[in-house]
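Raw model_26.cif, mmCIF, C-alpha atoms:
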data_start
loop_
_atom_site.label_atom_id
_atom_site.label_comp_id
_atom_site.auth_asym_id
_atom_site.auth_seq_id
_atom_site.Cartn_x
_atom_site.Cartn_y
_atom_site.Cartn_z
CA MET A 1 -46.93 36.85 1.41
CA PRO A 2 -43.27 35.74 1.66
CA ALA A 3 -42.70 32.11 2.63
CA LYS A 4 -41.79 31.53 6.26
CA GLN A 5 -38.09 30.95 6.54
CA VAL A 6 -37.33 27.61 8.17
CA ALA A 7 -33.77 26.45 8.77
CA LEU A 8 -32.60 23.32 6.98
CA ASN A 9 -32.85 20.10 8.94
CA ASP A 10 -29.81 17.83 9.11
CA GLU A 11 -30.69 15.73 6.11
CA GLU A 12 -31.48 18.77 3.95
CA PHE A 13 -28.27 20.42 5.08
CA PHE A 14 -26.27 17.33 4.14
CA TYR A 15 -27.67 16.99 0.60
CA ALA A 16 -27.62 20.75 -0.01
CA HIS A 17 -23.90 20.95 0.79
CA LEU A 18 -22.66 17.85 -1.03
CA ALA A 19 -21.12 19.82 -3.89
CA ASP A 20 -19.52 22.39 -1.56
CA TYR A 21 -17.92 19.55 0.37
CA LEU A 22 -16.93 17.51 -2.68
CA ASP A 23 -15.51 20.40 -4.68
CA ASP A 24 -13.83 21.87 -1.60
CA GLU A 25 -14.71 25.39 -2.69
CA GLY A 26 -14.72 27.88 0.14
CA MET A 27 -17.00 25.94 2.47
CA ALA A 28 -17.11 27.83 5.76
CA PRO A 29 -15.44 25.87 8.61
CA ASP A 30 -18.64 25.77 10.70
CA ARG A 31 -20.61 24.35 7.77
CA ARG A 32 -17.91 21.77 7.04
CA GLN A 33 -17.92 20.73 10.66
CA ARG A 34 -21.70 20.34 10.69
CA PHE A 35 -21.58 18.42 7.38
CA GLU A 36 -18.98 15.97 8.70
CA GLU A 37 -20.83 15.55 11.96
CA ILE A 38 -24.10 14.73 10.13
CA THR A 39 -22.26 12.35 7.77
CA LYS A 40 -20.99 10.38 10.74
CA ARG A 41 -24.18 10.47 12.78
CA LEU A 42 -26.51 9.49 9.91
CA LYS A 43 -23.98 6.99 8.50
CA LEU A 44 -23.84 8.71 5.13
CA GLU A 45 -20.18 7.95 4.35
CA GLY A 46 -19.75 7.25 0.66
CA VAL A 47 -22.75 9.33 -0.39
CA ALA A 48 -20.56 12.25 -1.44
CA THR A 49 -18.54 10.04 -3.78
CA ASP A 50 -21.70 8.48 -5.20
CA TYR A 51 -23.13 11.96 -5.70
CA GLY A 52 -19.98 13.05 -7.60
CA ILE A 53 -20.40 10.16 -10.02
CA ARG A 54 -24.13 10.72 -10.49
CA ARG A 55 -23.73 14.45 -10.95
CA GLY A 56 -21.20 13.68 -13.72
CA ARG A 57 -23.71 11.35 -15.35
CA LEU A 58 -26.44 13.97 -15.05
CA GLN A 59 -24.21 16.49 -16.79
CA ILE A 60 -23.35 14.08 -19.58
CA GLU A 61 -27.03 13.22 -20.12
CA ALA A 62 -27.87 16.94 -20.20
CA GLN A 63 -25.23 17.47 -22.88
CA ARG A 64 -27.34 15.36 -25.21
CA LEU A 65 -29.73 18.28 -25.34
CA PHE A 66 -28.70 20.80 -27.97
CA LEU A 67 -30.42 22.98 -30.52
CA ASP A 68 -30.46 21.74 -34.09
CA ASP A 69 -29.38 23.93 -37.01
CA LYS A 70 -32.96 24.92 -37.84
CA HIS A 71 -33.60 26.29 -34.34
CA LEU A 72 -30.24 28.08 -34.28
CA GLN A 73 -30.93 29.58 -37.68
CA ASP A 74 -34.29 30.86 -36.48
CA ILE A 75 -32.55 32.57 -33.57
CA HIS A 76 -29.84 34.04 -35.81
CA ASP A 77 -32.60 35.37 -38.08
CA LEU A 78 -33.72 37.59 -35.22
CA VAL A 79 -30.82 39.94 -35.92
CA GLU A 80 -29.82 39.20 -39.46
CA ASP A 81 -32.51 38.60 -42.02
CA ASP A 82 -32.01 36.79 -45.31
CA ALA A 83 -31.13 39.94 -47.25
CA ALA A 84 -28.51 41.06 -44.73
CA ARG A 85 -27.02 37.61 -44.52
CA ALA A 86 -26.90 37.36 -48.31
CA LYS A 87 -25.12 40.72 -48.41
CA HIS A 88 -22.53 39.61 -45.87
CA GLU A 89 -22.02 36.33 -47.66
CA ALA A 90 -21.62 38.19 -50.96
CA GLU A 91 -18.95 40.36 -49.35
CA ASP A 92 -17.17 37.27 -48.13
CA ILE A 93 -17.28 35.73 -51.58
CA GLU A 94 -16.00 38.93 -53.13
CA GLU A 95 -13.09 38.91 -50.73
CA VAL A 96 -12.27 35.36 -51.64
CA GLY A 97 -12.59 36.19 -55.33
CA LYS A 98 -9.90 38.89 -55.06
CA SER A 99 -7.21 36.31 -55.10
CA GLU A 100 -6.96 34.29 -58.28
CA LEU A 101 -4.75 31.85 -56.45
CA MET A 102 -7.39 31.41 -53.79
CA GLY A 103 -9.99 30.88 -56.49
CA ASN A 104 -7.92 28.25 -58.22
CA ALA A 105 -7.19 26.55 -54.94
CA PHE A 106 -10.87 26.59 -54.08
CA ARG A 107 -11.84 24.95 -57.38
CA PHE A 108 -9.07 22.43 -56.98
CA VAL A 109 -10.27 21.62 -53.48
CA ILE A 110 -13.84 21.23 -54.72
CA LEU A 111 -12.66 18.77 -57.35
CA LEU A 112 -10.65 16.93 -54.73
CA VAL A 113 -13.62 16.87 -52.38
CA LEU A 114 -15.86 15.49 -55.11
CA ALA A 115 -13.29 12.87 -56.02
CA ALA A 116 -12.77 12.00 -52.37
CA ALA A 117 -16.51 11.86 -51.83
CA CYS A 118 -16.90 9.44 -54.78
CA ILE A 119 -14.08 7.25 -53.49
CA TYR A 120 -15.34 7.43 -49.93
CA GLY A 121 -18.89 6.66 -51.02
CA GLY A 122 -17.64 3.71 -53.05
CA VAL A 123 -15.62 2.37 -50.16
CA ARG A 124 -18.56 2.81 -47.79
CA PHE A 125 -20.91 1.15 -50.28
CA PHE A 126 -18.75 -1.87 -50.96
CA SER A 127 -17.39 -2.32 -47.50
CA SER A 128 -19.32 -2.78 -44.32
CA GLU A 129 -16.25 -2.27 -42.20
CA LYS A 130 -16.30 0.75 -39.94
CA LYS A 131 -13.35 3.08 -40.19
CA ALA A 132 -10.84 2.86 -37.41
CA PRO A 133 -11.77 5.16 -34.52
CA PHE A 134 -9.60 8.23 -34.05
CA LYS A 135 -7.53 7.67 -30.94
CA ALA A 136 -7.63 11.32 -30.02
CA LEU A 137 -6.14 11.13 -26.58
CA ASP A 138 -2.93 9.32 -27.54
CA SER A 139 -2.56 11.17 -30.83
CA LEU A 140 -3.04 14.66 -29.45
CA ILE A 141 -0.80 14.17 -26.44
CA TYR A 142 1.88 13.14 -28.95
CA GLU A 143 1.11 16.20 -31.10
CA ALA A 144 1.42 18.50 -28.09
CA ILE A 145 4.84 17.04 -27.32
CA VAL A 146 6.19 17.34 -30.88
CA LEU A 147 4.69 20.82 -31.31
CA THR A 148 6.59 21.89 -28.22
CA GLU A 149 9.82 20.44 -29.61
CA ASP A 150 9.50 21.80 -33.13
CA PRO A 151 6.87 24.53 -33.54
CA GLN A 152 8.51 26.19 -36.58
CA ASP A 153 8.07 23.23 -38.90
CA ARG A 154 4.73 22.12 -37.55
CA LEU A 155 2.71 25.31 -37.24
CA ASP A 156 1.52 25.88 -40.82
CA PHE A 157 0.03 29.25 -39.91
CA PRO A 158 2.28 31.09 -37.47
CA THR A 159 0.64 34.27 -36.21
CA GLU A 160 0.23 36.27 -33.04
CA LYS A 161 -3.33 37.20 -33.91
CA LEU A 162 -6.14 34.86 -33.01
CA ALA A 163 -8.48 36.64 -35.43
CA GLU A 164 -6.20 35.66 -38.34
CA LEU A 165 -6.17 32.10 -37.09
CA ASN A 166 -9.97 32.04 -36.83
CA ASP A 167 -10.14 33.22 -40.42
CA TYR A 168 -7.62 30.62 -41.53
CA PHE A 169 -9.63 27.80 -39.95
CA LYS A 170 -12.90 29.21 -41.24
CA ARG A 171 -11.60 29.15 -44.79
CA TYR A 172 -9.81 25.84 -44.54
CA PRO A 173 -11.38 23.52 -47.09
CA ASP A 174 -13.06 20.23 -46.28
CA LEU A 175 -12.66 20.32 -42.53
CA GLY A 176 -15.81 18.30 -42.06
CA PHE A 177 -17.10 20.51 -39.27
CA LYS A 178 -17.69 24.17 -38.52
CA PRO A 179 -14.93 25.49 -36.24
CA LYS A 180 -15.90 27.75 -33.37
CA LEU A 181 -14.52 31.26 -33.16
CA MET A 182 -11.85 31.45 -30.51
CA GLN A 183 -11.40 34.37 -28.11
CA GLU A 184 -8.18 35.69 -26.55
CA PRO A 185 -7.16 33.66 -23.49
CA GLY A 186 -6.13 36.72 -21.46
CA THR A 187 -3.08 38.88 -21.04
CA SER A 188 -0.77 36.19 -19.68
CA TRP A 189 -0.85 34.07 -22.84
CA GLU A 190 0.17 34.82 -26.41
CA VAL A 191 -0.76 32.99 -29.58
CA ASN A 192 2.05 31.37 -31.58
CA GLY A 193 -0.01 30.04 -34.45
CA GLY A 194 -2.03 27.09 -35.54
CA THR A 195 -2.26 24.27 -37.98
CA VAL A 196 -4.62 21.63 -39.29
CA ILE A 197 -3.39 18.13 -38.63
CA ASP A 198 -4.74 15.78 -41.23
CA TYR A 199 -5.16 12.28 -39.88
CA GLU A 200 -6.68 9.69 -42.16
CA VAL A 201 -9.84 9.58 -40.08
CA ALA A 202 -10.07 13.14 -38.79
CA LYS A 203 -8.85 16.65 -39.31
CA VAL A 204 -7.73 18.35 -36.14
CA LEU A 205 -7.39 22.09 -35.57
CA ALA A 206 -4.44 22.86 -33.33
CA VAL A 207 -3.48 26.16 -31.70
CA GLN A 208 -0.35 26.81 -29.68
CA PHE A 209 -0.15 29.40 -26.91
CA THR A 210 2.86 30.42 -24.82
CA GLY A 211 2.80 31.87 -21.33
CA LYS A 212 4.21 35.41 -21.58
CA ASN A 213 6.20 35.22 -18.38
CA THR A 214 6.62 31.49 -17.98
CA GLY A 215 7.30 30.29 -21.53
CA GLU A 216 5.13 27.26 -20.87
CA LYS A 217 3.15 25.85 -23.76
CA LEU A 218 -0.59 25.33 -23.97
CA TYR A 219 -2.54 23.68 -26.75
CA ILE A 220 -6.11 23.59 -27.94
CA PHE A 221 -7.21 20.89 -30.33
CA LEU A 222 -10.65 20.75 -31.96
CA TYR A 223 -11.92 17.87 -34.04
CA GLU A 224 -15.14 16.32 -35.22
CA GLY A 225 -16.43 13.75 -32.78
CA SER A 226 -18.16 12.98 -29.55
CA LEU A 227 -16.87 13.02 -25.99
CA GLU A 228 -18.24 9.52 -25.54
CA GLN A 229 -15.53 8.23 -27.90
CA LEU A 230 -12.98 9.02 -25.23
CA PRO A 231 -12.41 6.74 -22.24
CA ALA A 232 -14.66 7.43 -19.25
CA SER A 233 -12.97 9.73 -16.78
CA THR A 234 -13.43 12.09 -13.88
CA PRO A 235 -15.98 14.73 -14.88
CA GLY A 236 -15.81 18.39 -13.96
CA ASN A 237 -17.82 21.50 -14.60
CA PHE A 238 -16.57 25.04 -15.07
CA GLN A 239 -19.52 27.43 -15.39
CA GLY A 240 -21.40 24.92 -17.51
CA LEU A 241 -18.43 23.66 -19.48
CA VAL A 242 -18.61 19.98 -18.63
CA TYR A 243 -15.26 18.32 -19.11
CA GLN A 244 -13.43 15.06 -18.57
CA THR A 245 -9.94 15.01 -17.21
CA TYR A 246 -6.94 12.92 -18.20
CA ALA A 247 -3.24 13.03 -17.53
CA SER A 248 -0.04 11.76 -19.12
CA ASP A 249 3.19 11.58 -17.17
CA LYS A 250 3.71 15.36 -17.54
CA LEU A 251 0.66 16.87 -19.17
CA ASN A 252 -2.86 17.44 -18.00
CA ILE A 253 -5.72 17.14 -20.44
CA VAL A 254 -9.32 18.26 -20.32
CA ALA A 255 -11.77 17.30 -23.04
CA TRP A 256 -15.25 18.63 -23.58
CA GLN A 257 -18.03 18.62 -26.16
CA ALA A 258 -17.34 21.98 -27.81
CA SER A 259 -20.42 21.75 -30.05
CA SER A 260 -22.84 19.06 -31.12
CA GLU A 261 -20.29 17.80 -33.65
CA MET A 262 -16.96 18.88 -32.22
CA VAL A 263 -14.75 17.82 -29.32
CA GLY A 264 -12.32 20.24 -27.73
CA MET A 265 -9.16 19.17 -25.97
CA MET A 266 -6.94 21.46 -23.93
CA ILE A 267 -3.48 20.14 -23.13
CA GLY A 268 -1.00 21.83 -20.86
CA TYR A 269 0.83 21.81 -17.59
CA ARG A 270 -1.83 23.57 -15.51
CA GLY A 271 -4.38 21.78 -13.33
CA ALA A 272 -7.59 20.48 -14.87
CA LYS A 273 -9.75 23.24 -13.47
CA GLU A 274 -7.40 25.93 -14.74
CA LEU A 275 -7.30 24.30 -18.17
CA ALA A 276 -11.11 24.15 -18.18
CA GLU A 277 -11.26 27.84 -17.28
CA LEU A 278 -8.94 28.65 -20.20
CA ALA A 279 -11.05 26.46 -22.48
CA PHE A 280 -14.14 28.32 -21.36
CA ARG A 281 -12.43 31.65 -22.03
CA ILE A 282 -11.07 30.69 -25.45
CA VAL A 283 -13.75 28.47 -26.95
CA GLY A 284 -16.78 29.12 -24.72
CA LEU A 285 -19.71 26.77 -24.42
CA MET B 1 -42.16 42.11 -35.47
CA ALA B 2 -38.83 41.03 -34.07
CA ARG B 3 -37.48 40.55 -37.56
CA ASP B 4 -38.39 44.10 -38.55
CA ALA B 5 -36.76 45.44 -35.41
CA ALA B 6 -33.75 43.27 -36.00
CA ARG B 7 -33.02 44.80 -39.37
CA LYS B 8 -31.90 47.95 -37.61
CA TYR B 9 -28.75 46.19 -36.38
CA ASP B 10 -25.51 46.43 -38.26
CA ALA B 11 -23.19 43.55 -39.05
CA GLY B 12 -21.20 44.14 -35.84
CA ALA B 13 -24.24 43.86 -33.58
CA ALA B 14 -25.48 40.85 -35.50
CA ALA B 15 -22.07 39.21 -35.17
CA PHE B 16 -22.00 39.95 -31.42
CA PHE B 17 -25.42 38.36 -31.04
CA VAL B 18 -24.50 35.26 -33.02
CA GLU B 19 -20.96 34.79 -31.75
CA ASN B 20 -21.45 35.75 -28.08
CA LEU B 21 -25.04 35.62 -26.90
CA CYS B 22 -25.97 32.57 -28.97
CA GLN B 23 -23.07 30.63 -27.41
CA ASP B 24 -25.41 30.07 -24.48
CA ALA B 25 -28.27 28.71 -26.58
CA ASP B 26 -27.64 25.08 -25.65
CA THR B 27 -27.27 25.96 -21.97
CA LEU B 28 -30.64 27.70 -22.14
CA LEU B 29 -32.16 24.70 -23.89
CA ARG B 30 -30.98 22.43 -21.06
CA PHE B 31 -32.35 24.83 -18.47
CA GLY B 32 -35.55 25.11 -20.52
CA PHE B 33 -35.89 21.33 -20.60
CA ALA B 34 -35.67 21.20 -16.82
CA LEU B 35 -38.43 23.80 -16.62
CA THR B 36 -40.75 22.42 -19.30
CA LEU B 37 -39.88 18.70 -19.47
CA SER B 38 -40.11 18.96 -23.24
CA GLU B 39 -37.40 19.54 -25.84
CA GLU B 40 -39.92 21.14 -28.17
CA ILE B 41 -41.33 23.60 -25.63
CA ALA B 42 -37.81 24.29 -24.37
CA GLY B 43 -36.73 25.12 -27.93
CA ARG B 44 -39.57 27.65 -28.22
CA LEU B 45 -38.67 29.07 -24.82
CA VAL B 46 -35.06 29.61 -25.92
CA TYR B 47 -36.28 31.39 -29.05
CA LYS B 48 -38.57 33.63 -27.00
CA THR B 49 -35.69 34.39 -24.63
CA PHE B 50 -33.47 35.63 -27.43
CA GLU B 51 -36.37 37.42 -29.09
CA SER B 52 -37.06 39.32 -25.86
CA ILE B 53 -33.49 40.59 -25.50
CA VAL B 54 -32.89 41.54 -29.13
CA PRO B 55 -34.00 45.18 -28.67
CA ASN B 56 -31.35 45.59 -25.96
CA ILE B 57 -28.35 44.19 -27.84
CA PRO B 58 -26.40 47.49 -27.87
CA GLU B 59 -26.48 47.55 -24.04
CA PHE B 60 -24.86 44.12 -23.85
CA VAL B 61 -21.85 44.59 -26.10
CA ASP B 62 -19.34 45.43 -23.34
CA LYS B 63 -20.80 43.10 -20.71
CA ASP B 64 -19.07 40.10 -19.19
CA PRO B 65 -20.11 36.71 -20.68
CA ALA B 66 -20.99 35.37 -17.20
CA TYR B 67 -23.29 38.36 -16.62
CA LEU B 68 -24.94 37.83 -19.99
CA ARG B 69 -25.54 34.19 -19.28
CA LEU B 70 -27.24 34.96 -15.97
CA LEU B 71 -29.33 37.59 -17.70
CA LEU B 72 -30.43 35.12 -20.38
CA MET B 73 -31.26 32.48 -17.79
CA ARG B 74 -33.28 34.96 -15.77
CA ARG B 75 -35.26 35.84 -18.90
CA THR B 76 -35.86 32.14 -19.61
CA TRP B 77 -37.08 31.68 -16.03
CA GLU B 78 -39.39 34.72 -16.27
CA LEU B 79 -40.77 33.76 -19.68
CA HIS B 80 -41.47 30.24 -18.52
CA HIS B 81 -43.57 31.63 -15.69
CA GLU B 82 -45.56 33.73 -18.16
CA ALA B 83 -46.44 30.79 -20.42
CA ASN B 84 -46.03 28.00 -17.85
CA GLN B 85 -46.11 25.17 -20.37
CA GLU B 86 -45.03 21.67 -19.41
CA GLY B 87 -44.59 18.59 -21.57
CA GLN B 88 -46.24 15.33 -20.66
CA GLY B 89 -43.67 13.01 -22.15
CA SER B 90 -40.19 12.90 -23.63
CA VAL B 91 -37.86 10.18 -24.84
CA HIS B 92 -34.93 11.96 -23.24
CA GLY B 93 -33.23 9.93 -20.54
CA LEU B 94 -33.61 12.69 -17.96
CA PHE B 95 -37.40 12.90 -18.25
CA PRO B 96 -38.08 10.08 -15.73
CA LEU B 97 -35.60 11.64 -13.31
CA LEU B 98 -37.18 15.07 -13.50
CA LYS B 99 -40.87 14.29 -13.92
CA PRO B 100 -41.64 13.58 -10.23
CA LEU B 101 -39.89 16.77 -9.11
CA ASP B 102 -41.56 20.16 -8.80
CA LEU B 103 -40.58 23.03 -11.06
CA GLU B 104 -38.37 24.84 -8.54
CA THR B 105 -36.46 21.68 -7.65
CA ARG B 106 -35.82 20.82 -11.30
CA ALA B 107 -34.69 24.37 -12.01
CA VAL B 108 -32.35 24.55 -9.04
CA LEU B 109 -30.86 21.10 -9.67
CA PHE B 110 -30.03 22.08 -13.26
CA MET B 111 -28.76 25.54 -12.45
CA VAL B 112 -26.34 24.33 -9.79
CA ASP B 113 -25.45 20.74 -10.69
CA VAL B 114 -25.64 20.87 -14.49
CA ILE B 115 -24.88 24.44 -15.51
CA GLY B 116 -22.55 25.09 -12.58
CA LEU B 117 -24.04 28.29 -11.17
CA THR B 118 -23.31 29.15 -7.57
CA VAL B 119 -26.15 29.05 -5.06
CA GLU B 120 -25.99 32.85 -4.91
CA GLU B 121 -26.36 33.14 -8.69
CA ALA B 122 -29.28 30.71 -8.69
CA CYS B 123 -30.92 32.72 -5.89
CA GLY B 124 -30.53 35.82 -8.05
CA ILE B 125 -32.42 34.18 -10.89
CA THR B 126 -35.21 32.55 -8.89
CA LYS B 127 -35.51 35.18 -6.13
CA MET B 128 -35.47 32.39 -3.55
CA ASN B 129 -33.57 32.86 -0.31
CA ASP B 130 -30.56 30.68 0.47
CA ASP B 131 -32.34 28.14 2.69
CA GLU B 132 -35.30 27.81 0.35
CA LEU B 133 -33.05 27.20 -2.64
CA ARG B 134 -30.85 24.74 -0.76
CA ARG B 135 -33.96 22.86 0.37
CA HIS B 136 -34.95 22.34 -3.28
CA LEU B 137 -31.36 21.43 -4.10
CA ALA B 138 -31.32 18.82 -1.34
CA HIS B 139 -34.57 17.33 -2.60
CA GLY B 140 -33.29 17.18 -6.19
CA ARG B 141 -29.98 15.61 -5.20
CA LYS B 142 -31.70 12.99 -3.09
CA ARG B 143 -33.78 12.07 -6.12
CA LEU B 144 -30.64 11.99 -8.28
CA LEU B 145 -28.91 9.65 -5.87
CA GLY B 146 -31.84 7.27 -5.88
CA PHE B 147 -32.34 7.34 -9.65
CA ARG B 148 -31.20 4.54 -11.91
CA PHE B 149 -29.93 5.79 -15.26
CA GLU B 150 -30.78 3.54 -18.19
#

Serialized structure, C-alpha cells:
Amino acid sequence: MPAKQVALNDEEFFYAHLADYLDDEGMAPDRRQRFEEITKRLKLEGVATDYGIRRGRLQIEAQRLFLDDKHLQDIHDLVEDDAARAKHEAEDIEEVGKSELMGNAFRFVILLVLAAACIYGGVRFFSSEKKAPFKALDSLIYEAIVLTEDPQDRLDFPTEKLAELNDYFKRYPDLGFKPKLMQEPGTSWEVNGGTVIDYEVAKVLAVQFTGKNTGEKLYIFLYEGSLEQLPASTPGNFQGLVYQTYASDKLNIVAWQASSEMVGMMIGYRGAKELAELAFRIVGL
Amino acid sequence: MARDAARKYDAGAAAFFVENLCQDADTLLRFGFALTLSEEIAGRLVYKTFESIVPNIPEFVDKDPAYLRLLLMRRTWELHHEANQEGQGSVHGLFPLLKPLDLETRAVLFMVDVIGLTVEEACGITKMNDDELRRHLAHGRKRLLGFRFE
C-alpha cells in the first residue's frame, strides 16, 4: 500500500530546501518566499551558512572512502581475465620494443630510478627531516601564467590530440603515480599540448587548452598528493566532484582529489562551477 | 560465472568498462557505505553492482556518463535491498553520524549532499515521491547540523 502523502511541515520544509537556497539553483519564487518566511519566524538565520560548512565537511569525510587496488582489480577482472590482460600487456610491450631508442631510454630510466631510489632511501634513512611540502597552489598559478606567456618553449609535447597526450603521460617514466585518462572537454576547447613539470618534490602533469572562439587559456594540472595539503577553502560539488575553490588576482582555481593518490587542479578565467564542470568532463571522478 | 561471461568481451568493451564505468566505483563505495555502514560490506556491494551490469556492457557504450552513474547507483540500491546487510561498527568518522539514522535518510543524505544528485534523480533511484524524499533529507540535514565532527 503506498504511503500516505503528507505535506512537509515548516521545519521539514526549511531543512529540505537548505541546499536549494544556499546554491541559488532554480528555487521557485514561492518556495524561496516560504523558506525566507520560515527562517525569520523560527529564528533560523545563520543555519544555512552553518549547513554549507558542514556539508563541505561531510563531503570531505566521504572522500576518505575509496576502493583499494585489490578491490578495483577484482572489478576489472570481471571483464578482462588474467590471460586477456597478459595479452594486452604483451602487445603494449611489443609496441614499446619497436623503438630501440625507446628501449634504451627505458633502460636508462630504470637505472636512474634505481640510483635515485638508493639515494632517496639513503637520505630518508639517515635524515629524519621531512621533505619540504609542495606548494602546489602558488607554483601552479605561476606555471599557468608562464605557460600562457610562452607555450612553445614550455609545452614539451605539443599536440592537438588528447589521446596522444594520454599516451605520453602513461609512458612517462617515474611519475610516481598513475595518471588518469583524460576525455575531450567539448567542442569549444582545443588541446594545445602538455608537459611534465619536474619539481624537486613532485612531478606535475600539465595540459593547456585554448577556447576556440575566445582564445582564452585553460589549464589542468595533476600531481601526487592530497587535497588536505592545500589551504582550507570554500567547498563545492559538481555531480559528485567535490572541489575547493581559490582565486588569484586574475585566475580562478578549483582543486579536487582526482584519485586516492592524485590531486587535480583546474586553472582558468571561468567561474569555479564552470571550471569544476570542465574538470568533471575531462578527468571525471 | 561472471568471469566466464566476461571473457566474451573484446579489448574495446573491457577498456570502456575500466575507463568509464569503473570511474564511478568510489562514488558507489561512498553510497554503499551510507547504506551498509560498513566499508567491507560496501566494497562487496560495489563488486556485485558491477558484476550485475557486466552482461549489458554493449548497451552502455554510447550512453551519457551521468545516465550510467544513475543506473549504477540504482543497481546498488536494489542489490542492497536484496541482501540488506548492515555493519555494526566502523572506524570511519562518518559512522557515528550515520548510525542513528534510518536507511532511507542515510541514502538520501548521501545522494543529494555528498554525491550531488538532484532531488528528482534521487527520487528516480529510490522511487520515493518528492515530499517523502525531502522529509528524509530534512531529517538527515538536521542530524548533520547537530553532529560534532572529531

What are the residues of chain A that have an atom within 9 Å of an atom of chain B, counting only C-alpha atoms, as number ranges by chain?
-> A: 3, 5-8, 11-19, 47, 50-51, 54-67, 71-72, 74-81, 84-85, 88, 180-181, 237-242, 284-285

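In this structure, atom CA of A:Tyr168 sits 27.6 Å away from atom CA of B:Lys63.
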
Residues matched by the PyMOL selection byres ((chain A and resi 254-266) around 9), written as a PyMOL selection string = chain A and resi 63-64+66-68+136-137+140+177-180+218-227+230+241-247+252-253+267-268+272-273+275-276+278-279+283-285

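Distance check against B:Val61 using only C-alpha atoms: of B:Leu45, B:Leu21, B:Thr36, B:Asn84, the minimum falls on B:Leu21.
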
Would you compute an axis-aligned box for stretch 193-201 of chain A, covering every atom listed for it in the file with 5 Å of margin on each side, and report centre and edge lengths in Å to one decimal as JSON?
{"center_x": -4.9, "center_y": 19.8, "center_z": -38.3, "size_x": 19.8, "size_y": 30.5, "size_z": 17.7}

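In this structure, atom CA of A:Gly236 sits 14.7 Å away from atom CA of A:Ala48.
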
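Proximity ranking of A:Ser248, A:Phe35, A:Asn192, A:Gly211 relative to A:Tyr142 places A:Ser248 first, based on all atoms listed in the file.
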
To verify the selection step, state as an MDAnalysis selection string which residues the PyMOL selection byres ((chain B and resi 81) around 12) yields on this input.
-> chainID B and resid 32 35:36 45 74:80 82:86 103:104 126

So what do you get for atom CA of B:Ile53 versus atom CA of B:Ala107, distance-wise?
-> 21.1 Å

Got a sec to resolve the PyMOL selection byres ((chain A and resi 195-200) around 8) on this structure and send the residues as an NGL selection string?
-> :A and (154-157 or 169 or 193-194 or 201-207)

Print the selection's residues with C-alpha atoms to a file, as a PDB file, in the coordinates of the input.
ATOM      1  CA  ARG A 154       4.730  22.120 -37.550  1.00  0.00           C
ATOM      2  CA  LEU A 155       2.710  25.310 -37.240  1.00  0.00           C
ATOM      3  CA  ASP A 156       1.520  25.880 -40.820  1.00  0.00           C
ATOM      4  CA  PHE A 157       0.030  29.250 -39.910  1.00  0.00           C
ATOM      5  CA  PHE A 169      -9.630  27.800 -39.950  1.00  0.00           C
ATOM      6  CA  GLY A 193      -0.010  30.040 -34.450  1.00  0.00           C
ATOM      7  CA  GLY A 194      -2.030  27.090 -35.540  1.00  0.00           C
ATOM      8  CA  VAL A 201      -9.840   9.580 -40.080  1.00  0.00           C
ATOM      9  CA  ALA A 202     -10.070  13.140 -38.790  1.00  0.00           C
ATOM     10  CA  LYS A 203      -8.850  16.650 -39.310  1.00  0.00           C
ATOM     11  CA  VAL A 204      -7.730  18.350 -36.140  1.00  0.00           C
ATOM     12  CA  LEU A 205      -7.390  22.090 -35.570  1.00  0.00           C
ATOM     13  CA  ALA A 206      -4.440  22.860 -33.330  1.00  0.00           C
ATOM     14  CA  VAL A 207      -3.480  26.160 -31.700  1.00  0.00           C
TER      15      VAL A 207
END

Once N, CA and C atoms are restored for stretch 238-249 of chain A, what would the output be as a PDB file, keeping the file's coordinate frame?
ATOM      1  N   PHE A 238     -16.948  23.642 -15.309  1.00  0.00           N
ATOM      2  CA  PHE A 238     -16.570  25.040 -15.070  1.00  0.00           C
ATOM      3  C   PHE A 238     -17.606  25.932 -15.730  1.00  0.00           C
ATOM      4  N   GLN A 239     -18.471  26.514 -14.922  1.00  0.00           N
ATOM      5  CA  GLN A 239     -19.520  27.430 -15.390  1.00  0.00           C
ATOM      6  C   GLN A 239     -20.301  26.838 -16.559  1.00  0.00           C
ATOM      7  N   GLY A 240     -20.581  25.544 -16.470  1.00  0.00           N
ATOM      8  CA  GLY A 240     -21.400  24.920 -17.510  1.00  0.00           C
ATOM      9  C   GLY A 240     -20.580  24.191 -18.555  1.00  0.00           C
ATOM     10  N   LEU A 241     -19.282  24.422 -18.569  1.00  0.00           N
ATOM     11  CA  LEU A 241     -18.430  23.660 -19.480  1.00  0.00           C
ATOM     12  C   LEU A 241     -18.116  22.320 -18.793  1.00  0.00           C
ATOM     13  N   VAL A 242     -18.764  21.294 -19.263  1.00  0.00           N
ATOM     14  CA  VAL A 242     -18.610  19.980 -18.630  1.00  0.00           C
ATOM     15  C   VAL A 242     -17.444  19.267 -19.303  1.00  0.00           C
ATOM     16  N   TYR A 243     -16.463  18.882 -18.509  1.00  0.00           N
ATOM     17  CA  TYR A 243     -15.260  18.320 -19.110  1.00  0.00           C
ATOM     18  C   TYR A 243     -14.873  17.008 -18.429  1.00  0.00           C
ATOM     19  N   GLN A 244     -14.037  16.266 -19.131  1.00  0.00           N
ATOM     20  CA  GLN A 244     -13.430  15.060 -18.570  1.00  0.00           C
ATOM     21  C   GLN A 244     -11.941  15.305 -18.455  1.00  0.00           C
ATOM     22  N   THR A 245     -11.354  14.731 -17.434  1.00  0.00           N
ATOM     23  CA  THR A 245      -9.940  15.010 -17.210  1.00  0.00           C
ATOM     24  C   THR A 245      -9.081  13.762 -17.420  1.00  0.00           C
ATOM     25  N   TYR A 246      -7.896  13.995 -17.966  1.00  0.00           N
ATOM     26  CA  TYR A 246      -6.940  12.920 -18.200  1.00  0.00           C
ATOM     27  C   TYR A 246      -5.550  13.461 -17.852  1.00  0.00           C
ATOM     28  N   ALA A 247      -4.610  12.574 -17.797  1.00  0.00           N
ATOM     29  CA  ALA A 247      -3.240  13.030 -17.530  1.00  0.00           C
ATOM     30  C   ALA A 247      -2.254  12.063 -18.155  1.00  0.00           C
ATOM     31  N   SER A 248      -1.167  12.599 -18.725  1.00  0.00           N
ATOM     32  CA  SER A 248      -0.040  11.760 -19.120  1.00  0.00           C
ATOM     33  C   SER A 248       1.008  11.928 -18.023  1.00  0.00           C
ATOM     34  N   ASP A 249       2.215  11.464 -18.267  1.00  0.00           N
ATOM     35  CA  ASP A 249       3.190  11.580 -17.170  1.00  0.00           C
ATOM     36  C   ASP A 249       3.505  13.038 -16.835  1.00  0.00           C
TER      37      ASP A 249
END
